Each structure stands twice: as structure tokens, then as C-alpha cells.
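J.: Just entry.csv, nothing more (CSV, C-alpha atoms and all ligand atoms):
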```
chain,number,residue,atom,x,y,z
W,1,MET,CA,81.9,85.1,-92.1
W,2,ARG,CA,79.5,84.8,-95.0
W,3,PHE,CA,76.0,83.4,-95.1
W,4,ASP,CA,74.2,83.0,-98.4
W,5,VAL,CA,70.5,82.7,-98.0
W,6,VAL,CA,68.4,81.0,-100.7
W,7,THR,CA,64.9,82.3,-100.5
W,8,LEU,CA,61.9,83.0,-102.7
W,9,PHE,CA,61.1,86.0,-100.5
W,10,PRO,CA,64.3,88.0,-100.0
W,11,GLU,CA,62.3,91.1,-99.2
W,12,LEU,CA,61.5,89.5,-95.8
W,13,PHE,CA,65.1,90.0,-94.7
W,14,ALA,CA,65.5,93.8,-95.3
W,15,PRO,CA,64.1,95.1,-92.0
W,16,PHE,CA,65.7,92.3,-90.0
W,17,LEU,CA,69.2,93.0,-91.4
W,18,THR,CA,69.0,96.7,-90.8
W,19,THR,CA,67.3,97.0,-87.4
W,20,GLY,CA,68.5,96.6,-83.8
W,21,ILE,CA,71.9,95.8,-82.4
W,22,THR,CA,72.5,92.8,-84.7
W,23,ARG,CA,72.7,95.3,-87.7
W,24,ARG,CA,76.2,96.1,-86.4
W,25,ALA,CA,77.2,92.5,-87.3
W,26,PHE,CA,75.4,92.6,-90.6
W,27,GLY,CA,76.6,96.0,-91.6
W,28,SER,CA,80.2,95.7,-90.5
W,29,GLY,CA,81.3,92.7,-92.4
W,30,ALA,CA,81.4,90.5,-89.2
W,31,VAL,CA,78.5,88.5,-90.6
W,32,ASP,CA,77.9,89.2,-94.3
W,33,VAL,CA,74.5,88.1,-95.6
W,34,TYR,CA,73.8,87.6,-99.3
W,35,LEU,CA,70.3,86.8,-100.6
W,36,PHE,CA,69.6,84.7,-103.6
W,37,ASN,CA,66.2,84.1,-105.2
W,38,PRO,CA,66.0,80.9,-107.2
W,39,ARG,CA,63.4,82.5,-109.4
W,40,GLU,CA,66.2,84.6,-110.9
W,41,VAL,CA,68.0,81.5,-112.3
W,42,ALA,CA,64.7,79.7,-113.2
W,43,VAL,CA,64.0,79.3,-116.9
W,44,GLY,CA,60.9,79.6,-119.1
W,45,ASN,CA,58.4,82.3,-119.4
W,46,TYR,CA,57.1,81.8,-115.9
W,47,ARG,CA,60.5,81.2,-114.2
W,48,ARG,CA,58.9,78.3,-112.5
W,49,VAL,CA,60.4,77.3,-109.1
W,50,ASP,CA,57.7,74.9,-107.9
W,51,ASP,CA,55.5,72.2,-109.3
W,52,ARG,CA,52.8,69.7,-108.3
W,53,PRO,CA,53.9,66.7,-106.3
W,54,PHE,CA,54.3,63.3,-108.1
W,55,GLY,CA,51.8,60.9,-106.6
W,56,GLY,CA,49.3,63.6,-106.1
W,57,GLY,CA,48.3,65.4,-103.0
W,58,PRO,CA,47.9,69.0,-102.0
W,59,GLY,CA,50.4,71.8,-102.3
W,60,MET,CA,53.5,72.4,-104.4
W,61,VAL,CA,57.1,71.2,-104.2
W,62,MET,CA,60.2,73.4,-104.8
W,63,MET,CA,62.0,72.0,-107.8
W,64,ALA,CA,65.6,70.8,-107.6
W,65,GLU,CA,66.9,72.5,-110.7
W,66,PRO,CA,66.5,76.2,-109.8
W,67,LEU,CA,67.9,75.4,-106.3
W,68,GLN,CA,70.9,73.6,-107.7
W,69,LYS,CA,71.5,76.5,-110.2
W,70,THR,CA,71.4,78.9,-107.3
W,71,LEU,CA,74.0,76.9,-105.4
W,72,GLU,CA,76.2,77.1,-108.5
W,73,VAL,CA,75.9,80.9,-108.5
W,74,ILE,CA,76.8,81.0,-104.8
W,75,ASP,CA,79.7,78.5,-105.3
W,76,ALA,CA,81.1,80.8,-108.1
W,77,GLN,CA,81.1,83.7,-105.7
W,78,ARG,CA,82.4,82.2,-102.5
W,79,GLY,CA,84.0,78.9,-103.6
W,80,ARG,CA,82.8,75.5,-102.9
W,81,GLY,CA,82.9,73.9,-99.4
W,82,ALA,CA,80.5,76.0,-97.3
W,83,PRO,CA,78.0,73.7,-95.5
W,84,VAL,CA,74.6,73.7,-97.1
W,85,VAL,CA,71.8,74.0,-94.4
W,86,LEU,CA,68.2,73.3,-95.2
W,87,PHE,CA,65.5,74.4,-92.7
W,88,SER,CA,63.0,71.6,-92.1
W,89,PRO,CA,60.8,70.2,-89.3
W,90,ILE,CA,62.7,66.9,-89.7
W,91,GLY,CA,66.0,68.6,-88.9
W,92,GLN,CA,68.2,68.7,-85.8
W,93,ARG,CA,66.8,71.1,-83.3
W,94,LEU,CA,68.7,74.4,-83.2
W,95,ASP,CA,70.4,75.0,-79.9
W,96,HIS,CA,73.1,77.1,-78.3
W,97,GLY,CA,75.8,74.5,-79.2
W,98,MET,CA,75.0,74.6,-82.9
W,99,VAL,CA,74.8,78.4,-82.9
W,100,GLN,CA,78.2,78.6,-81.2
W,101,SER,CA,79.8,76.3,-83.7
W,102,LEU,CA,78.3,78.3,-86.6
W,103,ALA,CA,79.3,81.5,-84.9
W,104,SER,CA,82.9,80.5,-84.9
W,105,GLY,CA,83.0,79.1,-88.5
W,106,ASP,CA,83.1,80.7,-92.0
W,107,GLY,CA,79.4,80.7,-92.5
W,108,ALA,CA,77.0,78.6,-94.5
W,109,VAL,CA,74.5,78.4,-97.3
W,110,LEU,CA,71.0,78.6,-95.8
W,111,VAL,CA,68.2,77.2,-97.9
W,112,CYS,CA,64.7,78.3,-97.0
W,113,GLY,CA,61.9,75.9,-98.0
W,114,ARG,CA,58.4,77.0,-99.0
W,115,TYR,CA,55.1,75.2,-99.9
W,116,GLU,CA,55.2,71.5,-99.0
W,117,GLY,CA,59.0,71.5,-99.0
W,118,VAL,CA,61.9,70.7,-101.4
W,119,ASP,CA,62.3,67.9,-103.9
W,120,GLN,CA,64.1,65.1,-102.0
W,121,ARG,CA,66.6,64.7,-104.8
W,122,PHE,CA,68.0,68.2,-104.2
W,123,ILE,CA,68.3,67.4,-100.5
W,124,ASP,CA,70.1,64.1,-101.2
W,125,ALA,CA,72.5,65.7,-103.6
W,126,HIS,CA,73.4,68.9,-101.9
W,127,VAL,CA,72.2,69.4,-98.3
W,128,ASP,CA,74.7,68.7,-95.5
W,129,VAL,CA,72.5,69.4,-92.5
W,130,GLN,CA,68.8,70.0,-91.8
W,131,ILE,CA,67.9,72.3,-89.0
W,132,SER,CA,64.5,72.7,-87.2
W,133,ILE,CA,63.6,75.4,-84.8
W,134,GLY,CA,61.0,73.4,-83.1
W,135,ASP,CA,58.1,70.9,-83.4
W,136,PHE,CA,55.7,73.0,-85.3
W,137,VAL,CA,55.2,73.8,-89.0
W,138,LEU,CA,56.0,77.3,-90.4
W,139,SER,CA,55.1,78.5,-93.9
W,140,GLY,CA,58.7,78.9,-94.9
W,141,GLY,CA,62.4,78.7,-93.8
W,142,GLU,CA,62.9,82.4,-93.8
W,143,LEU,CA,62.0,82.9,-90.1
W,144,PRO,CA,64.2,80.0,-89.1
W,145,ALA,CA,67.0,81.6,-91.1
W,146,MET,CA,66.6,84.9,-89.3
W,147,VAL,CA,66.5,83.1,-86.0
W,148,LEU,CA,69.8,81.4,-86.8
W,149,LEU,CA,71.4,84.6,-88.1
W,150,ASP,CA,70.3,86.6,-85.1
W,151,ALA,CA,71.7,84.1,-82.7
W,152,VAL,CA,75.0,83.9,-84.6
W,153,ALA,CA,75.3,87.7,-84.9
W,154,ARG,CA,74.9,88.4,-81.2
W,155,LEU,CA,77.7,86.1,-80.4
W,156,GLN,CA,80.2,88.0,-82.6
W,157,PRO,CA,82.7,90.1,-80.7
W,158,ASP,CA,81.9,93.8,-80.4
W,159,VAL,CA,78.3,93.4,-81.7
W,160,LEU,CA,76.7,93.8,-78.3
W,161,GLY,CA,77.8,96.8,-76.4
W,162,ASP,CA,78.4,96.7,-72.7
W,163,ALA,CA,74.8,97.7,-72.0
W,164,ASP,CA,73.5,94.6,-73.7
W,165,SER,CA,76.3,92.1,-73.2
W,166,HIS,CA,75.4,88.5,-73.5
W,167,HIS,CA,77.5,87.5,-70.5
W,168,PHE,CA,74.5,86.7,-68.4
W,169,ASP,CA,72.5,85.2,-71.3
W,170,SER,CA,71.1,81.8,-70.8
W,171,PHE,CA,73.1,78.8,-71.9
W,172,ASN,CA,76.4,80.7,-71.8
W,173,PRO,CA,79.1,78.0,-71.1
W,174,ALA,CA,81.1,80.6,-69.2
W,175,LEU,CA,78.2,80.5,-66.7
W,176,ASP,CA,78.0,76.7,-66.9
W,177,GLY,CA,75.1,76.7,-69.3
W,178,LEU,CA,72.5,77.9,-66.7
W,179,LEU,CA,69.5,80.1,-67.4
W,180,ASP,CA,69.8,83.9,-67.0
W,181,CYS,CA,69.1,85.6,-63.7
W,182,PRO,CA,66.2,88.0,-63.3
W,183,HIS,CA,66.7,91.6,-64.1
W,184,TYR,CA,65.3,94.8,-62.6
W,185,THR,CA,65.4,98.5,-63.5
W,186,ARG,CA,64.0,101.7,-62.1
W,187,PRO,CA,61.8,102.6,-60.3
W,188,GLU,CA,62.9,100.8,-57.0
W,189,ALA,CA,59.3,100.2,-56.1
W,190,TRP,CA,56.7,99.5,-58.7
W,191,GLU,CA,53.0,98.7,-57.9
W,192,GLY,CA,54.0,97.6,-54.4
W,193,ARG,CA,56.8,95.4,-55.6
W,194,ALA,CA,60.4,96.1,-54.5
W,195,VAL,CA,63.7,95.4,-56.2
W,196,PRO,CA,65.7,92.8,-54.2
W,197,GLU,CA,67.7,94.8,-51.7
W,198,VAL,CA,71.1,93.3,-52.5
W,199,LEU,CA,70.9,94.8,-56.0
W,200,LEU,CA,70.8,98.3,-54.4
W,201,SER,CA,73.6,97.6,-52.0
W,202,GLY,CA,76.5,98.2,-54.4
W,203,HIS,CA,78.2,95.2,-52.8
W,204,HIS,CA,79.6,93.5,-55.9
W,205,VAL,CA,80.5,90.2,-54.3
W,206,ASN,CA,77.1,89.8,-52.7
W,207,ILE,CA,75.4,90.8,-56.0
W,208,ALA,CA,77.5,88.2,-57.9
W,209,ARG,CA,76.6,85.5,-55.4
W,210,TRP,CA,72.9,86.5,-55.5
W,211,ARG,CA,72.9,86.3,-59.3
W,212,ARG,CA,74.5,82.9,-59.3
W,213,ASP,CA,72.0,81.7,-56.7
W,214,GLN,CA,69.1,83.0,-58.8
W,215,GLN,CA,70.5,81.3,-61.9
W,216,LEU,CA,70.8,78.0,-60.0
W,217,CYS,CA,67.3,78.2,-58.6
W,218,PHE,CA,65.7,79.4,-61.8
W,219,THR,CA,67.4,76.7,-63.8
W,220,ALA,CA,66.5,74.0,-61.2
W,221,ARG,CA,62.9,75.1,-61.4
W,222,HIS,CA,62.5,75.6,-65.2
W,223,ARG,CA,65.1,73.4,-66.7
W,224,PRO,CA,66.3,70.7,-64.3
W,225,ASP,CA,68.1,69.0,-67.3
W,226,LEU,CA,70.5,71.9,-67.5
W,227,ILE,CA,71.4,71.5,-63.8
W,228,ALA,CA,72.0,67.8,-64.3
W,229,ALA,CA,74.3,68.6,-67.3
W,230,ALA,CA,76.3,71.2,-65.3
W,231,ARG,CA,76.6,68.8,-62.4
W,232,ALA,CA,77.7,66.0,-64.7
W,233,ALA,CA,80.4,68.3,-66.2
W,234,GLY,CA,81.6,69.1,-62.6
W,235,ARG,CA,80.7,72.8,-63.0
W,236,LEU,CA,78.7,73.1,-59.7
W,237,SER,CA,80.7,74.1,-56.6
W,238,ALA,CA,79.9,72.9,-53.0
W,239,LYS,CA,78.3,76.3,-52.4
W,240,ASP,CA,76.1,75.9,-55.5
W,241,GLU,CA,75.0,72.5,-54.3
W,242,ALA,CA,74.2,73.9,-50.9
W,243,VAL,CA,72.0,76.6,-52.6
W,244,LEU,CA,70.2,73.9,-54.6
W,245,ALA,CA,69.7,71.7,-51.6
W,246,LYS,CA,68.2,74.6,-49.7
W,247,ASP,CA,66.0,75.4,-52.7
W,248,GLY,CA,64.5,71.9,-52.3
W,249,ALA,CA,61.6,71.3,-54.8
W,250,GLY,CA,62.1,74.7,-56.4
W,251,LYS,CA,60.7,76.7,-53.5
W,252,ASN,CA,63.5,79.0,-52.7
W,253,GLU,CA,62.9,82.0,-50.5
W,254,LEU,CA,65.1,83.9,-52.9
W,255,LEU,CA,62.6,83.7,-55.7
T,1,LIG,N1,55.5,69.6,-95.4
T,1,LIG,C1,56.5,69.9,-94.5
T,1,LIG,C2,56.4,71.4,-94.1
T,1,LIG,C3,56.7,72.3,-95.1
T,1,LIG,S1,56.6,74.0,-94.5
T,1,LIG,C4,56.3,69.0,-93.3
T,1,LIG,O1,55.2,68.8,-92.9
T,1,LIG,O2,57.4,68.7,-92.7
T,1,LIG,C5,57.6,74.9,-95.6
T,1,LIG,C6,59.0,75.1,-95.3
T,1,LIG,O3,59.1,75.9,-94.0
T,1,LIG,C7,59.9,73.9,-95.0
T,1,LIG,O4,60.4,73.4,-96.2
T,1,LIG,C8,61.0,74.5,-94.1
T,1,LIG,O5,62.0,75.1,-94.9
T,1,LIG,C9,60.2,75.6,-93.3
T,1,LIG,N2,59.9,75.1,-92.0
T,1,LIG,C10,58.6,74.8,-91.6
T,1,LIG,N3,58.6,74.5,-90.3
T,1,LIG,C11,59.9,74.6,-89.9
T,1,LIG,C12,60.5,74.3,-88.6
T,1,LIG,N4,59.9,73.9,-87.5
T,1,LIG,N5,61.9,74.5,-88.5
T,1,LIG,C13,62.6,74.8,-89.6
T,1,LIG,N6,62.0,75.1,-90.8
T,1,LIG,C14,60.7,75.0,-90.9
```
Please express the file's structure as C-alpha cells.
Ligand code: SAH
T.:
Amino acid sequence: MRFDVVTLFPELFAPFLTTGITRRAFGSGAVDVYLFNPREVAVGNYRRVDDRPFGGGPGMVMMAEPLQKTLEVIDAQRGRGAPVVLFSPIGQRLDHGMVQSLASGDGAVLVCGRYEGVDQRFIDAHVDVQISIGDFVLSGGELPAMVLLDAVARLQPDVLGDADSHHFDSFNPALDGLLDCPHYTRPEAWEGRAVPEVLLSGHHVNIARWRRDQQLCFTARHRPDLIAAARAAGRLSAKDEAVLAKDGAGKNELL
């Protein structure tokens, strides 16, 4: 799949694209990322990409024309039809479901805003979906773009090795959308705290049940809405329900 990122600061992406396990996706062609700076298609001596807002007020606004020209360059390379995403606090909140559908598609054009944002006429003319990463304001859409690309990359087959498999990751539909279970590594005792014994037992069935119980209780405590969703989807077994009932108000002896 191919992502085309429209950004005034392409240099922000270099370490991200070449570091850590996700670089396997970005380096292997599984997730191709191309960076486009609207300044390169902007005209005039100053290659202007922003201007003062009509109506006055502070800050600058990204101009529609250089953004549109950048889309034309991208269209010429990949063909029309890729969804155009704009990062914006007014957008739909990014979640696992959106990441999954992006991860199984052909990619998208990701437009990173800066300053006060983007001329509304560009949005009306070209943007298919606006995405927010939360109710706070960042200085630009580059970090949200990297957040999205990271989440999409780790869902690609063969990107994560066995050692860092996302099987137990939170929100995995294969595990009914529950939160991850707690993890432990050596030493067995650390500052008077022991590793739960079952994890040292080598008994795979017991370990699997323990992990499921932990997931259930963790999720009930931290995100009861996810338990409600799993229940509504008929994903909780009688055994699961018994564990949750025993957990009561989130006070499970297991935790
Ligand atoms: N004036 C705007 C904020 C502009 S911040 C407002 O108050 O809504 C500059 C750019 O950062 C935005 O155009 C957007 O691309 C990006 N951005 C800021 N916060 C974001 C968020 N929570 N999610 C996604 N993108 C965000």
C-alpha cells in the first residue's frame, strides 16, 4: 500500500521511517511512504504556502492552491482515487477500527495542517475524511500522521516478529477487543515483588486462562465500555462472565 504525506516539514519523518520494527514495513514495500512538500510547487519568489486569515485574527492559514497542486503531483504518480485524509481536531477520533480498515486498503493521501489550519475551500474541494488523534491541539499534523502510519505498519503481516507479535495487543478483535494482559520478564523477584506463579508453571492451558482472566479484569476496571461491547457482540463465555462476576467492582484477587 502507498501513503503520500503532504507536509511542510518532511524532515520530521526520516528517523520515524527508519527506526524500530516498523521500518520493516516502510523499507520492504509493505507500506510505501512518499513525502511531498507544498513549498516545492508554490510559486513566486518566496514560494508562499500560507497567508494571513481573512477577517483578521492571529496566525496564518495554509493556502489552498499549493495544497491542490501537491495533490495533482500525487495523482499523477499514483492515479486518482486514493482517499484524502486531513488531520484536524474536528475530525473523527482515530481508533483501532479505522486503523484496521486503513491497514487493509491501498493507502491514502495524508495532509498535515500547520499554523491555524487549512483554507476551508481546500477541505471542501478535496478532503474525504478528517481525523483527530484526541481532544488537544498540536502544532501540526505530522505527529498524527506518524501515529496513523505506525499503527497501520504494525498490523502488516510479517512486520512484527514472534517476539513482538501483536496477538495480545489491546483492541485485537481476535481477543474480543479487550485490553492487553500484564507482562513480566526476568528476574523472577524484583524489589520484593514476585512474578505470578502460573507464568512460571509451564502449564499452557492455565497460562492462557490466566491471561484471559487478567484481560477481562483489566478491561472491566479501566474500560468497562469495551466489556459491554464484547458482551453485546456475544463474545464473552459463561466462564468469562463468572470471572467478571467474581471480580465484582474491579477488586479481583488476581490483580
Ligand atoms: N486552529 C486549529 C488548530 C490548528 S493546529 C483548531 O483550533 O482546531 C495545526 C494543525 O495541527 C492542524 O491543522 C492539524 O493538521 C494538526 N492538529 C492539531 N491538533 C490535532 C489533533 N488533535 N488531531 C489531529 N491533528 C491535529
J.: For a quick check of understanding, using only C-alpha atoms and all ligand atoms, which of W:Asp106, W:Glu191, W:Asp4, W:Asp119 has the smallest distance to ligand LIG 1 (chain T)?
T.: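 Among W:Asp106, W:Glu191, W:Asp4, W:Asp119, it is W:Asp119 that comes nearest to ligand LIG 1 (chain T).
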J.: Using only C-alpha atoms and all ligand atoms, which of the listed residues (W:Gln215, W:Ser139, W:Gln156, W:Asn206) sits closest to ligand LIG 1 (chain T)?
T.: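 Once distances to ligand LIG 1 (chain T) are computed over only C-alpha atoms and all ligand atoms, the minimum belongs to W:Ser139.
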J.: Can you tell me which residues sit at most 9 Å away from ligand LIG 1 (chain T), counting all atoms listed in the file, written as a PyMOL selection string?
T.: chain W and resi 59+61-62+86-94+111-118+130-145
J.: Atom CA of W:Phe16 and atom CA of W:Asp150 are how many Å apart?
T.: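 One can read the atom CA of W:Phe16 to atom CA of W:Asp150 distance as 8.8 Å.
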J.: Within 10 Å of stretch 30-35 of chain W, which residues of stretch 134-213 of chain W come that close, and what is the closest atom pair and distance in Å for each? Count only C-alpha atoms and give it as a tab-separated table.
T.:
```
residue	atom	partner	partner_atom	distance
W:Leu149	CA	W:Val31	CA	8.5
W:Val152	CA	W:Val31	CA	8.3
W:Ala153	CA	W:Val31	CA	6.6
W:Gln156	CA	W:Ala30	CA	7.2
W:Pro157	CA	W:Ala30	CA	8.6
W:Asp158	CA	W:Ala30	CA	9.4
W:Val159	CA	W:Ala30	CA	8.6
```
J.: Closest to W:Glu188 among W:Met63, W:Leu200, W:Leu17, W:Arg52, using all atoms listed in the file?
T.: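 Comparing W:Met63, W:Leu200, W:Leu17, W:Arg52 against W:Glu188, the winner is W:Leu200.
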J.: Which residue, W:Val147, W:Ala82, W:Ala229, W:Val129, has the smallest gap to W:Asp176 when you use all atoms listed in the file?
T.: W:Ala229
J.: Mind listing as a PDB file with C-alpha atoms, in the frame of the given file all residues within 10 Å of (63.1, 75.4, -115.0), counting all atoms listed in the file?
T.:
```
ATOM      1  CA  PRO W  38      66.000  80.900-107.200  1.00  0.00           C
ATOM      2  CA  ARG W  39      63.400  82.500-109.400  1.00  0.00           C
ATOM      3  CA  VAL W  41      68.000  81.500-112.300  1.00  0.00           C
ATOM      4  CA  ALA W  42      64.700  79.700-113.200  1.00  0.00           C
ATOM      5  CA  VAL W  43      64.000  79.300-116.900  1.00  0.00           C
ATOM      6  CA  GLY W  44      60.900  79.600-119.100  1.00  0.00           C
ATOM      7  CA  ASN W  45      58.400  82.300-119.400  1.00  0.00           C
ATOM      8  CA  TYR W  46      57.100  81.800-115.900  1.00  0.00           C
ATOM      9  CA  ARG W  47      60.500  81.200-114.200  1.00  0.00           C
ATOM     10  CA  ARG W  48      58.900  78.300-112.500  1.00  0.00           C
ATOM     11  CA  VAL W  49      60.400  77.300-109.100  1.00  0.00           C
ATOM     12  CA  ASP W  50      57.700  74.900-107.900  1.00  0.00           C
ATOM     13  CA  MET W  63      62.000  72.000-107.800  1.00  0.00           C
ATOM     14  CA  ALA W  64      65.600  70.800-107.600  1.00  0.00           C
ATOM     15  CA  GLU W  65      66.900  72.500-110.700  1.00  0.00           C
ATOM     16  CA  PRO W  66      66.500  76.200-109.800  1.00  0.00           C
ATOM     17  CA  LEU W  67      67.900  75.400-106.300  1.00  0.00           C
ATOM     18  CA  LYS W  69      71.500  76.500-110.200  1.00  0.00           C
TER      19      LYS W  69
END
```
J.: Any chance you could model N, CA, C and O atoms for stretch 65-83 of chain W and send them as a tab-separated table (two decimals), keeping the file's coordinate frame?
T.:
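Writing the result to part.tsv gives the following:
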```tsv
chain	number	residue	atom	x	y	z
W	65	GLU	N	66.05	71.79	-109.74
W	65	GLU	CA	66.90	72.50	-110.70
W	65	GLU	C	67.23	73.93	-110.35
W	65	GLU	O	68.41	74.33	-110.29
W	66	PRO	N	66.19	74.75	-110.10
W	66	PRO	CA	66.50	76.20	-109.80
W	66	PRO	C	67.32	76.28	-108.48
W	66	PRO	O	68.16	77.18	-108.35
W	67	LEU	N	67.11	75.36	-107.54
W	67	LEU	CA	67.90	75.40	-106.30
W	67	LEU	C	69.35	75.06	-106.58
W	67	LEU	O	70.27	75.71	-106.08
W	68	GLN	N	69.55	74.03	-107.41
W	68	GLN	CA	70.90	73.60	-107.70
W	68	GLN	C	71.64	74.77	-108.49
W	68	GLN	O	72.80	75.08	-108.21
W	69	LYS	N	70.92	75.39	-109.41
W	69	LYS	CA	71.50	76.50	-110.20
W	69	LYS	C	71.90	77.65	-109.24
W	69	LYS	O	72.92	78.33	-109.42
W	70	THR	N	71.06	77.88	-108.25
W	70	THR	CA	71.40	78.90	-107.30
W	70	THR	C	72.63	78.60	-106.51
W	70	THR	O	73.48	79.47	-106.29
W	71	LEU	N	72.77	77.34	-106.11
W	71	LEU	CA	74.00	76.90	-105.40
W	71	LEU	C	75.22	77.15	-106.30
W	71	LEU	O	76.29	77.53	-105.81
W	72	GLU	N	75.05	76.91	-107.61
W	72	GLU	CA	76.20	77.10	-108.50
W	72	GLU	C	76.60	78.59	-108.54
W	72	GLU	O	77.79	78.92	-108.55
W	73	VAL	N	75.61	79.48	-108.55
W	73	VAL	CA	75.90	80.90	-108.50
W	73	VAL	C	76.66	81.26	-107.22
W	73	VAL	O	77.65	82.00	-107.22
W	74	ILE	N	76.19	80.69	-106.11
W	74	ILE	CA	76.80	81.00	-104.80
W	74	ILE	C	78.25	80.41	-104.79
W	74	ILE	O	79.20	81.09	-104.39
W	75	ASP	N	78.41	79.16	-105.26
W	75	ASP	CA	79.70	78.50	-105.30
W	75	ASP	C	80.71	79.39	-106.10
W	75	ASP	O	81.88	79.54	-105.73
W	76	ALA	N	80.21	79.95	-107.22
W	76	ALA	CA	81.10	80.80	-108.10
W	76	ALA	C	81.56	81.99	-107.32
W	76	ALA	O	82.66	82.48	-107.55
W	77	GLN	N	80.74	82.49	-106.41
W	77	GLN	CA	81.10	83.70	-105.70
W	77	GLN	C	82.01	83.40	-104.48
W	77	GLN	O	82.95	84.13	-104.21
W	78	ARG	N	81.69	82.38	-103.73
W	78	ARG	CA	82.40	82.20	-102.50
W	78	ARG	C	83.33	80.96	-102.51
W	78	ARG	O	84.09	80.73	-101.56
W	79	GLY	N	83.25	80.19	-103.57
W	79	GLY	CA	84.00	78.90	-103.60
W	79	GLY	C	83.24	77.83	-102.97
W	79	GLY	O	82.41	78.08	-102.09
W	80	ARG	N	83.50	76.61	-103.41
W	80	ARG	CA	82.80	75.50	-102.90
W	80	ARG	C	83.19	75.24	-101.42
W	80	ARG	O	84.17	75.79	-100.95
W	81	GLY	N	82.42	74.41	-100.74
W	81	GLY	CA	82.90	73.90	-99.40
W	81	GLY	C	82.09	74.45	-98.26
W	81	GLY	O	82.21	73.91	-97.17
W	82	ALA	N	81.27	75.50	-98.47
W	82	ALA	CA	80.50	76.00	-97.30
W	82	ALA	C	79.36	74.93	-97.07
W	82	ALA	O	78.79	74.38	-98.02
W	83	PRO	N	79.09	74.64	-95.80
W	83	PRO	CA	78.00	73.70	-95.50
W	83	PRO	C	76.67	74.21	-96.00
W	83	PRO	O	76.39	75.41	-95.88
```
